[in-house]
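Worksheet: one structure, shown below.
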Amino acid sequence: MSDTKMEKKEKKRAKKRKQTEEDGNDNNSEDDAKPKKSKELASVDQMHEVVKLKAALETTHESKRSKKRKKYNEKIEKSTNIRADKKFLDEIAAYLTKWETDKDSWKFQKVKQMFIQNNVFNDKIISDDIWHTTLSYLGSSRGKAKELLKENAQKVIEKVDADFESSQNKELLQQKTYTRARELLQMLE
């Protein structure tokens, strides 16, 4: 009897093997029609789809505030590009020299002050001819403007110092932006 039980078990196992092979063959024929993706690839594809849908939703539904902010940022960017022209740079130079020579008729202009503060380290905009005037003008800054100038100068100095430590290139310490930042920081303290 044990032989017949063993034979029955063997037949059941053989039958199960055949079914799994047939199931495997059925799956292979389906797989030939569709390439199989790994779970990682599928999840990456799903992430890309989600990102695309979010981008589509964001572009179709923009709040009024975000539209205004976008328009304002574009306006600021355009005005910055326009201001860098030769005529405006001449106005900046005249503004600074008038501040230095004739303070009675000089009039404060916030736009020009902001431009000077934002471009103080750029030697193409603030030329060497008016650098010392600019330095004394910015040295008289107070409050938030003074703190902002200190922060910007400190950032420039730290960046150049870090670059110098990694490369040991002494020319970095001779850059105009670095020397201007150090002079401005000394003036403000």
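Residues are referred to by chain and number: the chain letter is A, B, ... according to the order shown in the structure tokens, the number counts from 1 in that chain, and ligands are numbered separately from 1 in the order shown.
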Every residue of region 70-165 of chain A that DSSP places in alpha helix (DSSP H), as a ChimeraX atom specification: /A:70-83,86-101,110-118,131-139,143-165
Closest pair table for region 81-112 of chain A residues within 12 Å of region 133-156 of chain A, only C-alpha atoms, as JSON lines:
```
{"residue": "A:Ile92", "atom": "CA", "partner": "A:Thr134", "partner_atom": "CA", "distance": 9.8}
{"residue": "A:Ala93", "atom": "CA", "partner": "A:Thr134", "partner_atom": "CA", "distance": 8.9}
{"residue": "A:Ala94", "atom": "CA", "partner": "A:Thr133", "partner_atom": "CA", "distance": 10.9}
{"residue": "A:Tyr95", "atom": "CA", "partner": "A:Thr134", "partner_atom": "CA", "distance": 10.0}
{"residue": "A:Leu96", "atom": "CA", "partner": "A:Thr133", "partner_atom": "CA", "distance": 6.5}
{"residue": "A:Thr97", "atom": "CA", "partner": "A:Thr133", "partner_atom": "CA", "distance": 7.0}
{"residue": "A:Lys98", "atom": "CA", "partner": "A:Thr133", "partner_atom": "CA", "distance": 10.0}
{"residue": "A:Trp99", "atom": "CA", "partner": "A:Tyr137", "partner_atom": "CA", "distance": 7.7}
{"residue": "A:Glu100", "atom": "CA", "partner": "A:Thr133", "partner_atom": "CA", "distance": 6.7}
{"residue": "A:Thr101", "atom": "CA", "partner": "A:Thr133", "partner_atom": "CA", "distance": 9.9}
{"residue": "A:Lys103", "atom": "CA", "partner": "A:Tyr137", "partner_atom": "CA", "distance": 11.4}
{"residue": "A:Phe108", "atom": "CA", "partner": "A:Tyr137", "partner_atom": "CA", "distance": 11.3}
{"residue": "A:Lys110", "atom": "CA", "partner": "A:Ala145", "partner_atom": "CA", "distance": 11.1}
{"residue": "A:Lys112", "atom": "CA", "partner": "A:Thr134", "partner_atom": "CA", "distance": 11.7}
```
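What separates CA of Lys68 (chain A) from CA of Gln109 (chain A) is a distance of 25.7 Å.
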As an exercise, work out the distance from CA of Ile157 (chain A) to CA of Thr179 (chain A) in Å and give it to one decimal place. 8.7 Å
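Remark: for Asn119 (chain A), the closest of the candidate residues A:Asn73, A:Gln46, A:Gln168, A:Thr177 is A:Thr177 (distances computed over only C-alpha atoms).
CA of Met114 (chain A) lies 15.9 Å from CA of Trp131 (chain A).
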